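Student: The following file, input_24.csv, comprises CSV, C-alpha atoms and all ligand atoms:
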chain,number,residue,atom,x,y,z
O,1,MET,CA,253.0,206.5,-159.3
O,2,ASN,CA,255.6,208.9,-157.8
O,3,VAL,CA,254.1,211.3,-155.3
O,4,THR,CA,256.1,214.1,-153.8
O,5,ALA,CA,256.4,213.8,-150.0
O,6,PRO,CA,254.8,216.7,-148.2
O,7,THR,CA,257.2,219.4,-147.4
O,8,VAL,CA,257.0,219.8,-143.6
O,9,GLY,CA,257.9,223.3,-142.4
O,10,PRO,CA,261.4,224.2,-141.2
O,11,ALA,CA,260.2,223.8,-137.6
O,12,THR,CA,260.4,220.6,-135.6
O,13,PRO,CA,257.2,219.6,-133.8
O,14,SER,CA,258.8,219.6,-130.4
O,15,ILE,CA,257.5,221.0,-127.1
O,16,PHE,CA,261.0,222.2,-126.4
O,17,ALA,CA,260.9,224.7,-129.2
O,18,PRO,CA,257.8,226.7,-128.3
O,19,VAL,CA,256.7,229.9,-130.1
O,20,SER,CA,253.4,230.5,-128.5
O,21,THR,CA,252.2,231.5,-125.0
O,22,PRO,CA,250.6,228.3,-123.7
O,23,ALA,CA,253.5,226.3,-125.2
O,24,PHE,CA,256.1,228.4,-123.3
O,25,ALA,CA,254.4,227.5,-120.1
O,26,ILE,CA,254.3,223.8,-121.0
O,27,ARG,CA,258.0,223.9,-121.8
O,28,ASP,CA,258.9,225.6,-118.5
O,29,LEU,CA,256.8,223.1,-116.5
O,30,SER,CA,258.4,220.2,-118.4
O,31,PHE,CA,261.9,221.6,-117.5
O,32,LEU,CA,261.0,221.9,-113.8
O,33,VAL,CA,259.7,218.3,-113.7
O,34,LEU,CA,262.8,217.1,-115.6
O,35,ALA,CA,265.1,219.0,-113.2
O,36,ILE,CA,263.4,217.4,-110.2
O,37,VAL,CA,263.4,213.8,-111.6
O,38,THR,CA,267.0,214.3,-112.9
O,39,PHE,CA,268.1,215.3,-109.3
O,40,ILE,CA,266.3,212.2,-107.9
O,41,PHE,CA,267.9,210.0,-110.5
O,42,ILE,CA,271.4,211.3,-109.8
O,43,VAL,CA,271.0,210.8,-106.1
O,44,VAL,CA,269.5,207.3,-106.4
O,45,ALA,CA,271.9,206.2,-109.1
O,46,GLY,CA,274.9,207.8,-107.3
O,47,VAL,CA,274.2,206.0,-104.0
O,48,THR,CA,273.6,202.7,-105.9
O,49,VAL,CA,276.9,203.0,-107.8
O,50,TYR,CA,278.8,204.1,-104.6
O,51,ALA,CA,277.3,201.0,-102.7
O,52,ILE,CA,278.2,198.7,-105.6
O,53,ILE,CA,281.8,199.9,-105.7
O,54,ARG,CA,282.4,200.5,-102.0
O,55,TYR,CA,280.9,197.2,-100.8
O,56,ARG,CA,281.8,194.9,-103.7
O,57,HIS,CA,283.3,191.5,-102.9
O,58,ARG,CA,287.0,191.5,-102.1
O,59,PRO,CA,289.3,188.5,-101.5
O,60,GLY,CA,289.5,187.8,-97.7
O,61,ASP,CA,286.2,189.5,-96.9
O,62,ASP,CA,284.4,188.5,-93.8
O,63,ARG,CA,281.5,186.5,-95.4
O,64,ARG,CA,279.1,187.0,-92.4
O,65,ASP,CA,276.1,189.4,-92.7
O,66,PRO,CA,276.8,192.9,-91.4
O,67,PRO,CA,274.7,194.1,-88.4
O,68,GLN,CA,271.0,194.4,-89.4
O,69,VAL,CA,268.9,197.5,-88.7
O,70,TYR,CA,265.3,197.0,-87.7
O,71,GLY,CA,263.1,200.1,-87.8
O,72,SER,CA,264.5,203.7,-87.9
O,73,THR,CA,262.2,206.6,-87.3
O,74,GLN,CA,264.6,209.0,-88.9
O,75,ILE,CA,264.9,207.0,-92.1
O,76,GLU,CA,261.2,206.3,-92.4
O,77,LEU,CA,260.4,209.9,-91.8
O,78,ALA,CA,262.9,211.0,-94.5
O,79,TRP,CA,261.5,208.6,-97.1
O,80,THR,CA,257.9,209.6,-96.4
O,81,VAL,CA,258.3,213.4,-96.0
O,82,VAL,CA,260.7,214.1,-98.9
O,83,PRO,CA,258.6,212.3,-101.6
O,84,PHE,CA,255.5,213.9,-100.1
O,85,LEU,CA,257.0,217.4,-100.5
O,86,ILE,CA,258.1,216.6,-104.0
O,87,VAL,CA,254.6,215.5,-105.0
O,88,ILE,CA,253.2,218.7,-103.3
O,89,ILE,CA,255.6,220.9,-105.3
O,90,LEU,CA,254.7,219.1,-108.6
O,91,PHE,CA,251.0,219.2,-107.8
O,92,LEU,CA,250.9,222.9,-106.9
O,93,THR,CA,253.0,224.0,-109.9
O,94,THR,CA,251.0,222.0,-112.3
O,95,THR,CA,247.7,223.3,-111.0
O,96,ARG,CA,249.0,226.9,-111.3
O,97,TYR,CA,250.0,226.3,-115.0
O,98,ILE,CA,246.7,224.5,-115.8
O,99,PHE,CA,244.6,227.4,-114.4
O,100,ALA,CA,246.8,229.9,-116.3
O,101,ILE,CA,246.3,228.0,-119.5
O,102,GLU,CA,242.6,227.2,-119.1
O,103,ARG,CA,241.5,230.8,-118.3
O,104,PRO,CA,243.2,233.0,-120.9
O,105,ALA,CA,242.4,236.6,-120.9
O,106,ALA,CA,241.1,237.9,-124.2
O,107,THR,CA,243.4,240.3,-126.0
O,108,ARG,CA,242.0,243.4,-127.6
O,109,ASP,CA,242.2,241.7,-131.0
O,110,THR,CA,241.2,238.0,-131.1
O,111,VAL,CA,240.7,235.5,-133.9
O,112,GLU,CA,238.0,232.9,-133.5
O,113,VAL,CA,238.4,229.6,-135.3
O,114,THR,CA,236.3,226.4,-135.2
O,115,VAL,CA,238.2,223.2,-136.0
O,116,VAL,CA,236.1,220.1,-136.7
O,117,GLY,CA,237.9,216.7,-136.6
O,118,ASN,CA,236.7,214.3,-139.4
O,119,GLN,CA,238.0,210.9,-140.4
O,120,TRP,CA,240.8,211.8,-141.5
O,121,TRP,CA,241.0,215.6,-142.0
O,122,TRP,CA,240.4,218.8,-140.3
O,123,GLU,CA,237.7,221.3,-141.3
O,124,ILE,CA,238.7,224.9,-140.3
O,125,ARG,CA,236.1,227.6,-140.1
O,126,TYR,CA,236.4,231.2,-139.2
O,127,PRO,CA,232.8,232.0,-138.3
O,128,ARG,CA,233.3,235.8,-137.9
O,129,LEU,CA,235.3,236.0,-141.2
O,130,GLY,CA,233.1,233.7,-143.3
O,131,ILE,CA,236.0,231.5,-144.3
O,132,VAL,CA,236.0,227.7,-144.5
O,133,THR,CA,239.1,225.8,-145.4
O,134,ALA,CA,240.8,222.5,-144.4
O,135,ASN,CA,243.9,221.1,-142.8
O,136,GLU,CA,245.9,224.3,-142.9
O,137,LEU,CA,245.2,226.8,-140.2
O,138,HIS,CA,246.3,230.4,-140.7
O,139,VAL,CA,246.6,232.7,-137.7
O,140,PRO,CA,248.2,236.2,-137.2
O,141,VAL,CA,251.3,236.7,-135.1
O,142,SER,CA,250.9,238.3,-131.7
O,143,ASP,CA,253.3,241.1,-131.1
O,144,ALA,CA,253.7,244.0,-128.7
O,145,ALA,CA,252.1,246.4,-131.3
O,146,ARG,CA,249.0,244.2,-131.7
O,147,PRO,CA,248.6,241.3,-129.2
O,148,THR,CA,246.3,238.8,-130.8
O,149,ARG,CA,245.2,235.5,-129.3
O,150,THR,CA,243.5,232.9,-131.5
O,151,PHE,CA,240.8,231.0,-129.7
O,152,ILE,CA,240.1,227.6,-131.2
O,153,THR,CA,236.8,225.7,-130.7
O,154,LEU,CA,237.2,222.0,-131.2
O,155,GLN,CA,234.4,219.7,-132.4
O,156,SER,CA,234.2,216.3,-133.9
O,157,ALA,CA,232.0,215.0,-136.7
O,158,ASP,CA,232.6,211.3,-135.9
O,159,VAL,CA,235.0,209.8,-133.4
O,160,ILE,CA,237.5,211.1,-130.8
O,161,HIS,CA,240.5,213.0,-132.4
O,162,SER,CA,243.1,215.1,-130.7
O,163,PHE,CA,244.4,218.5,-131.8
O,164,TRP,CA,248.1,219.0,-131.2
O,165,ILE,CA,250.6,221.5,-132.5
O,166,PRO,CA,253.4,221.0,-130.0
O,167,GLN,CA,255.1,224.3,-130.6
O,168,LEU,CA,251.9,226.3,-130.2
O,169,ALA,CA,249.8,224.7,-127.4
O,170,GLY,CA,249.1,221.5,-125.5
O,171,LYS,CA,247.2,218.6,-126.8
O,172,THR,CA,243.3,219.0,-126.6
O,173,ASP,CA,240.9,216.1,-127.3
O,174,VAL,CA,238.3,216.6,-130.0
O,175,ILE,CA,235.2,214.7,-128.8
O,176,PRO,CA,231.9,214.0,-130.5
O,177,GLY,CA,229.0,215.8,-128.7
O,178,LYS,CA,231.4,217.9,-126.6
O,179,THR,CA,232.9,221.3,-127.4
O,180,ASN,CA,236.5,221.8,-126.2
O,181,ARG,CA,238.5,225.0,-126.4
O,182,THR,CA,242.1,225.8,-126.8
O,183,TRP,CA,244.1,228.9,-127.8
O,184,VAL,CA,247.4,230.0,-129.2
O,185,GLU,CA,249.3,233.2,-129.2
O,186,PRO,CA,252.3,232.7,-131.5
O,187,ARG,CA,255.1,235.2,-131.3
O,188,THR,CA,257.1,234.1,-134.4
O,189,PRO,CA,255.8,233.9,-138.0
O,190,GLY,CA,256.4,230.6,-139.7
O,191,THR,CA,254.9,227.2,-140.4
O,192,TYR,CA,254.4,224.8,-137.6
O,193,VAL,CA,253.2,221.2,-137.9
O,194,GLY,CA,251.1,219.1,-135.8
O,195,GLN,CA,248.7,216.2,-136.1
O,196,CYS,CA,245.9,214.2,-134.7
O,197,ALA,CA,247.1,212.7,-131.4
O,198,GLU,CA,244.3,210.2,-130.7
O,199,PHE,CA,244.0,207.0,-132.6
O,200,CYS,CA,240.9,207.5,-134.8
O,201,GLY,CA,241.0,204.8,-137.5
O,202,VAL,CA,243.2,203.5,-140.3
O,203,GLN,CA,244.4,206.9,-141.5
O,204,HIS,CA,245.0,208.4,-138.1
O,205,ALA,CA,248.7,208.8,-139.0
O,206,TRP,CA,247.8,210.9,-142.0
O,207,MET,CA,245.6,213.4,-140.2
O,208,LEU,CA,248.2,216.2,-140.2
O,209,LEU,CA,247.8,219.8,-139.5
O,210,ARG,CA,249.9,222.8,-140.6
O,211,VAL,CA,249.7,226.1,-139.0
O,212,THR,CA,251.0,229.2,-140.7
O,213,VAL,CA,251.6,232.2,-138.5
O,214,HIS,CA,251.5,235.4,-140.6
O,215,PRO,CA,252.6,238.9,-139.9
O,216,ARG,CA,249.3,240.9,-139.5
O,217,ASP,CA,249.2,242.5,-142.9
O,218,GLU,CA,250.0,239.2,-144.6
O,219,PHE,CA,247.2,237.5,-142.5
O,220,ASP,CA,244.7,240.2,-143.6
O,221,ARG,CA,245.6,239.6,-147.2
O,222,TRP,CA,245.1,235.8,-146.7
O,223,VAL,CA,241.7,236.5,-145.2
O,224,ALA,CA,240.6,238.8,-148.1
O,225,ALA,CA,241.7,236.1,-150.6
O,226,GLN,CA,239.8,233.3,-148.8
O,227,GLN,CA,236.7,235.4,-148.5
O,228,ALA,CA,236.4,235.8,-152.3
O,229,VAL,CA,234.2,233.3,-154.1
O,230,ALA,CA,235.8,231.1,-156.8
O,231,ALA,CA,236.9,233.0,-159.8
O,232,GLU,CA,235.4,232.1,-163.1
O,233,VAL,CA,238.0,231.0,-165.6
O,234,PRO,CA,236.4,230.6,-169.0
O,235,GLU,CA,239.0,228.1,-170.3
O,236,SER,CA,238.2,225.7,-167.4
O,237,ARG,CA,234.5,225.6,-168.3
O,238,THR,CA,234.6,222.0,-169.4
O,239,GLY,CA,236.4,220.9,-166.3
O,240,ARG,CA,233.8,222.8,-164.2
O,241,ASP,CA,231.0,221.0,-166.0
O,242,VAL,CA,232.7,217.6,-165.2
O,243,PHE,CA,232.9,218.7,-161.6
O,244,THR,CA,229.3,219.7,-161.3
O,245,SER,CA,227.9,216.7,-163.3
O,246,VAL,CA,229.5,214.0,-161.1
O,247,ALA,CA,229.3,213.2,-157.4
O,248,CYS,CA,232.0,215.8,-156.4
O,249,ILE,CA,229.3,218.4,-155.5
O,250,SER,CA,227.5,216.2,-153.1
O,251,CYS,CA,230.5,216.3,-150.7
O,252,HIS,CA,232.5,219.4,-151.6
O,253,THR,CA,231.7,223.1,-151.7
O,254,VAL,CA,233.0,225.6,-154.1
O,255,ARG,CA,231.5,228.9,-153.2
O,256,GLY,CA,230.0,230.7,-156.2
O,257,THR,CA,229.0,227.4,-157.9
O,258,PRO,CA,226.2,224.8,-157.3
O,259,ALA,CA,228.7,222.7,-155.4
O,260,ASN,CA,227.6,222.9,-151.7
O,261,GLY,CA,228.4,219.5,-150.2
O,262,VAL,CA,229.6,219.4,-146.6
O,263,PHE,CA,231.1,216.0,-146.1
O,264,GLY,CA,234.5,216.7,-147.6
O,265,PRO,CA,236.8,219.7,-147.5
O,266,ASP,CA,235.7,223.1,-149.0
O,267,LEU,CA,237.5,223.4,-152.3
O,268,THR,CA,236.8,227.1,-153.0
O,269,HIS,CA,240.5,228.0,-152.6
O,270,LEU,CA,242.0,224.5,-152.9
O,271,MET,CA,245.2,225.7,-154.6
O,272,SER,CA,246.0,228.1,-151.7
O,273,ARG,CA,246.8,224.9,-149.7
O,274,ALA,CA,250.2,223.4,-149.7
O,275,THR,CA,249.0,219.8,-149.3
O,276,ILE,CA,246.1,217.5,-150.1
O,277,GLY,CA,244.6,214.6,-148.2
O,278,ALA,CA,245.4,216.2,-144.8
O,279,GLY,CA,249.1,216.3,-145.5
O,280,VAL,CA,249.4,213.0,-147.4
O,281,ALA,CA,250.9,214.7,-150.5
O,282,SER,CA,252.0,218.1,-151.8
O,283,ASN,CA,249.3,219.9,-153.7
O,284,THR,CA,250.4,219.6,-157.3
O,285,PRO,CA,248.4,218.9,-160.5
O,286,GLU,CA,250.0,215.4,-160.6
O,287,THR,CA,249.0,214.5,-157.0
O,288,LEU,CA,245.5,216.0,-157.5
O,289,ARG,CA,245.0,213.9,-160.6
O,290,ALA,CA,246.1,210.8,-158.7
O,291,TRP,CA,243.9,211.7,-155.8
O,292,VAL,CA,240.7,212.2,-157.9
O,293,LYS,CA,241.4,209.1,-159.9
O,294,ASP,CA,241.6,207.0,-156.7
O,295,PRO,CA,242.2,208.5,-153.3
O,296,ALA,CA,243.0,205.1,-151.9
O,297,VAL,CA,246.2,204.9,-153.8
O,298,LEU,CA,247.6,207.8,-151.8
O,299,LYS,CA,245.5,207.3,-148.6
O,300,PRO,CA,244.1,203.8,-148.2
O,301,GLY,CA,240.7,203.9,-146.4
O,302,ALA,CA,240.1,207.6,-147.4
O,303,ARG,CA,236.4,208.2,-147.3
O,304,MET,CA,236.3,209.7,-150.8
O,305,PRO,CA,235.5,207.1,-153.5
O,306,ALA,CA,237.4,206.7,-156.7
O,307,MET,CA,235.6,208.8,-159.3
O,308,ASN,CA,235.8,206.4,-162.3
O,309,LEU,CA,236.5,209.2,-164.7
O,310,SER,CA,238.0,208.8,-168.2
O,311,GLY,CA,241.6,210.1,-168.7
O,312,LYS,CA,240.2,213.1,-170.6
O,313,GLN,CA,237.6,213.9,-167.9
O,314,LEU,CA,240.4,213.7,-165.2
O,315,ASP,CA,242.6,216.1,-167.2
O,316,GLU,CA,239.7,218.6,-167.6
O,317,LEU,CA,238.7,218.3,-163.9
O,318,VAL,CA,242.2,218.8,-162.7
O,319,ALA,CA,242.6,221.8,-165.0
O,320,TYR,CA,239.5,223.2,-163.3
O,321,LEU,CA,240.6,222.4,-159.8
O,322,THR,CA,243.9,224.2,-160.4
O,323,THR,CA,242.0,227.4,-161.1
O,324,LEU,CA,240.6,227.4,-157.6
O,325,ARG,CA,243.2,229.8,-156.1
U,1,LIG,CU1,242.0,211.9,-136.0
U,1,LIG,CU2,243.7,210.4,-135.1
So, in terms of structure tokens, how does the structure I just supplied come out?
Ligand code: CUA
Tutor:
Amino acid sequence: MNVTAPTVGPATPSIFAPVSTPAFAIRDLSFLVLAIVTFIFIVVAGVTVYAIIRYRHRPGDDRRDPPQVYGSTQIELAWTVVPFLIVIILFLTTTRYIFAIERPAATRDTVEVTVVGNQWWWEIRYPRLGIVTANELHVPVSDAARPTRTFITLQSADVIHSFWIPQLAGKTDVIPGKTNRTWVEPRTPGTYVGQCAEFCGVQHAWMLLRVTVHPRDEFDRWVAAQQAVAAEVPESRTGRDVFTSVACISCHTVRGTPANGVFGPDLTHLMSRATIGAGVASNTPETLRAWVKDPAVLKPGARMPAMNLSGKQLDELVAYLTTLR
């Protein structure tokens, strides 16, 4: 079975290419720390290389030890005070950045999102907008005309996960029984990738996240499309009957149908997502068919069981799923 690899966005998941407010601060702090340690490295390595070359063995050298120094207040003060000052500088700067990041001011416009970590996918809810989706977070850009911060509430349904989109914000743990918060304020539209950053079981590596940052009008259109219930497509009626007659509906929700399960991703607008299985494959009819037939082929250990459907039922079901736009 050939499965198209997921198309990751043009952006590299690097903290050195930030596009969002807390990520700018993290990059700046990283550069400061790098500058200090690079300076220390150059001094230490420079003195070492100088000593190796200057004092290397030469023919005819006097082989006796040079005069030994025992105790020097000046040297001891220097190697105590200088590192202490460096630690103080790093400590104070880091503290300042942590406070700035942990206590963000609300902008006039804000978007509230709740992200729930599950083995091995992300549920994404917009409580104020009545939207539920999965694995692909959509947020508006923040510009001078309309500064908009997106506040993200993080919860876990099972084990410890970690939410990390390096270009947008620092890593935040997602812990069962504890609610953590993070926020982003992206300045550049585009698609940014991230992933679960805490080992959480066999498919930890395939617990990817994609964040699409939209210009405001595009974001509003996305919201309106997601708020709609699933459209009725008469031709896909048989596929819909397959869907509602098998176990799909005990785990998945399709708003506007009897399917209201909560253990798996909401499928109301499945086809609006670029990937399936938390980024394991591109979302195409072929990969969907392979996934429904047996998710373990694409993602070993996935919690969704193989559905044991006939080829005809699979075709009908996939035809129905592809109407969920
Ligand atoms: Cu979830 Cu690693």
Student: Can you pull out the residues contacting Arg210 in chain O? Cut-off 8 Å, using all atoms listed in the file, and skip same-chain residues under 5 positions away; I want them as a list in words.
Tutor: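 With the cut-off at 8 Å, the set is Asn135, Glu136, Leu137, Thr191, Tyr192, Val193 and Gly194 of chain O.
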Student: Can you spit out the residues from that selection as a PDB file, in the frame of the given file, using C-alpha atoms?
Tutor:
ATOM      1  CA  ASN O 135     243.900 221.100-142.800  1.00  0.00           C
ATOM      2  CA  GLU O 136     245.900 224.300-142.900  1.00  0.00           C
ATOM      3  CA  LEU O 137     245.200 226.800-140.200  1.00  0.00           C
ATOM      4  CA  THR O 191     254.900 227.200-140.400  1.00  0.00           C
ATOM      5  CA  TYR O 192     254.400 224.800-137.600  1.00  0.00           C
ATOM      6  CA  VAL O 193     253.200 221.200-137.900  1.00  0.00           C
ATOM      7  CA  GLY O 194     251.100 219.100-135.800  1.00  0.00           C
TER       8      GLY O 194
END
Student: What is the CA of Val211 in chain O-atom CU2 of ligand LIG 1 (chain U) distance in Å, reported with one decimal?
Tutor: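 According to the coordinates, CA of Val211 in chain O and atom CU2 of ligand LIG 1 (chain U) are separated by 17.3 Å.
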Student: Within 6 Å of range 23-46 of chain O, which residues of range 135-250 of chain O show up? Give each one with its shortest atom-to-atom distance in Å (one decimal) and the two atoms involved, counting only C-alpha atoms, rows by chain then rising residue number, as a Markdown table.
Tutor:
| residue | atom | partner | partner_atom | distance |
| --- | --- | --- | --- | --- |
| O:Gln167 | CA | O:Ala23 | CA | 6.0 |
| O:Leu168 | CA | O:Ala23 | CA | 5.2 |
| O:Ala169 | CA | O:Ala23 | CA | 4.6 |
Student: Dump the neighbourhood of ligand LIG 1 (chain U) as a PyMOL selection string: all residues within 10 Å, distances computed on all atoms listed in the file.
Tutor: chain O and resi 117-122+156+158-163+173-174+195-208
Student: Which one of O:Pro189, O:Ile124, O:Arg96, O:Ala302 sits closest to Asp266 in chain O if you count all atoms listed in the file?
Tutor: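 Residue with the minimum atom-to-atom distance to Asp266 in chain O: O:Ile124.
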Student: Kindly give the distance, in Å, that separates CA of Arg325 in chain O and CA of Lys293 in chain O, rounded to a single decimal.
Tutor: 21.1 Å
Student: Near Ala306 in chain O, within 12 Å and counting all atoms listed in the file, which residues show up once chain neighbours fewer than 2 positions away are dropped, as a PDB file with C-alpha atoms, keeping the file's coordinate frame?
Tutor:
ATOM      1  CA  VAL O 246     229.500 214.000-161.100  1.00  0.00           C
ATOM      2  CA  ALA O 247     229.300 213.200-157.400  1.00  0.00           C
ATOM      3  CA  CYS O 248     232.000 215.800-156.400  1.00  0.00           C
ATOM      4  CA  ARG O 289     245.000 213.900-160.600  1.00  0.00           C
ATOM      5  CA  ALA O 290     246.100 210.800-158.700  1.00  0.00           C
ATOM      6  CA  TRP O 291     243.900 211.700-155.800  1.00  0.00           C
ATOM      7  CA  VAL O 292     240.700 212.200-157.900  1.00  0.00           C
ATOM      8  CA  LYS O 293     241.400 209.100-159.900  1.00  0.00           C
ATOM      9  CA  ASP O 294     241.600 207.000-156.700  1.00  0.00           C
ATOM     10  CA  PRO O 295     242.200 208.500-153.300  1.00  0.00           C
ATOM     11  CA  ALA O 296     243.000 205.100-151.900  1.00  0.00           C
ATOM     12  CA  VAL O 297     246.200 204.900-153.800  1.00  0.00           C
ATOM     13  CA  LEU O 298     247.600 207.800-151.800  1.00  0.00           C
ATOM     14  CA  LYS O 299     245.500 207.300-148.600  1.00  0.00           C
ATOM     15  CA  PRO O 300     244.100 203.800-148.200  1.00  0.00           C
ATOM     16  CA  GLY O 301     240.700 203.900-146.400  1.00  0.00           C
ATOM     17  CA  ALA O 302     240.100 207.600-147.400  1.00  0.00           C
ATOM     18  CA  ARG O 303     236.400 208.200-147.300  1.00  0.00           C
ATOM     19  CA  MET O 304     236.300 209.700-150.800  1.00  0.00           C
ATOM     20  CA  ASN O 308     235.800 206.400-162.300  1.00  0.00           C
ATOM     21  CA  LEU O 309     236.500 209.200-164.700  1.00  0.00           C
ATOM     22  CA  SER O 310     238.000 208.800-168.200  1.00  0.00           C
ATOM     23  CA  LEU O 314     240.400 213.700-165.200  1.00  0.00           C
TER      24      LEU O 314
END
Student: Between CA of Ile152 in chain O and CA of Arg187 in chain O, what distance in Å does the model show, to one decimal?
Tutor: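 Interatomic distance, CA of Ile152 in chain O to CA of Arg187 in chain O: 16.8 Å.
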Student: Tell me which of O:Thr148, O:Gln68, O:Thr73, O:Asn283 sits closest to Ala106 in chain O, counting all atoms listed in the file.
Tutor: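 Ranked by minimum distance to Ala106 in chain O, first place goes to O:Thr148.
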Student: Looking at O:His214, O:Lys178, O:Arg273, O:Arg240, which one is nearest to Ala259 in chain O, with distances taken over only C-alpha atoms?
Tutor: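 Of O:His214, O:Lys178, O:Arg273, O:Arg240, the one nearest Ala259 in chain O, counting only C-alpha atoms, is O:Arg240.
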Student: Which is closer to Ser236 in chain O than all the others in O:Val223, O:Ile175, O:Glu185, O:Tyr320, using only C-alpha atoms?
Tutor: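 Distance minimum relative to Ser236 in chain O lands on O:Tyr320.
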Student: Give the answer as one residue: which of O:Thr212, O:Ser282, O:Thr110, O:Leu270 has the shortest atom-to-atom distance to Ile165 in chain O, using only C-alpha atoms?
Tutor: O:Thr212
Student: Here is a test: counting only C-alpha atoms, which residue of O:Glu112, O:Arg125, O:Ile131, O:Val87 is nearest to Phe151 in chain O?
Tutor: O:Glu112
Student: Quick one: everything within 12 Å of Asp220 in chain O, counting only C-alpha atoms, minus sequence neighbours fewer than 2 positions away in the same chain. Send it as an MDAnalysis selection string.
Tutor: chainID O and resid 111 129 138:141 213:218 222:227
Student: Mind dumping the selected residues with C-alpha atoms as a short mmCIF file (atom, residue, chain, number, x, y, z; two decimals), keeping the file's coordinate frame?
Tutor:
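New file out_10.cif:
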data_model
loop_
_atom_site.label_atom_id
_atom_site.label_comp_id
_atom_site.auth_asym_id
_atom_site.auth_seq_id
_atom_site.Cartn_x
_atom_site.Cartn_y
_atom_site.Cartn_z
CA VAL O 111 240.70 235.50 -133.90
CA LEU O 129 235.30 236.00 -141.20
CA HIS O 138 246.30 230.40 -140.70
CA VAL O 139 246.60 232.70 -137.70
CA PRO O 140 248.20 236.20 -137.20
CA VAL O 141 251.30 236.70 -135.10
CA VAL O 213 251.60 232.20 -138.50
CA HIS O 214 251.50 235.40 -140.60
CA PRO O 215 252.60 238.90 -139.90
CA ARG O 216 249.30 240.90 -139.50
CA ASP O 217 249.20 242.50 -142.90
CA GLU O 218 250.00 239.20 -144.60
CA TRP O 222 245.10 235.80 -146.70
CA VAL O 223 241.70 236.50 -145.20
CA ALA O 224 240.60 238.80 -148.10
CA ALA O 225 241.70 236.10 -150.60
CA GLN O 226 239.80 233.30 -148.80
CA GLN O 227 236.70 235.40 -148.50
#
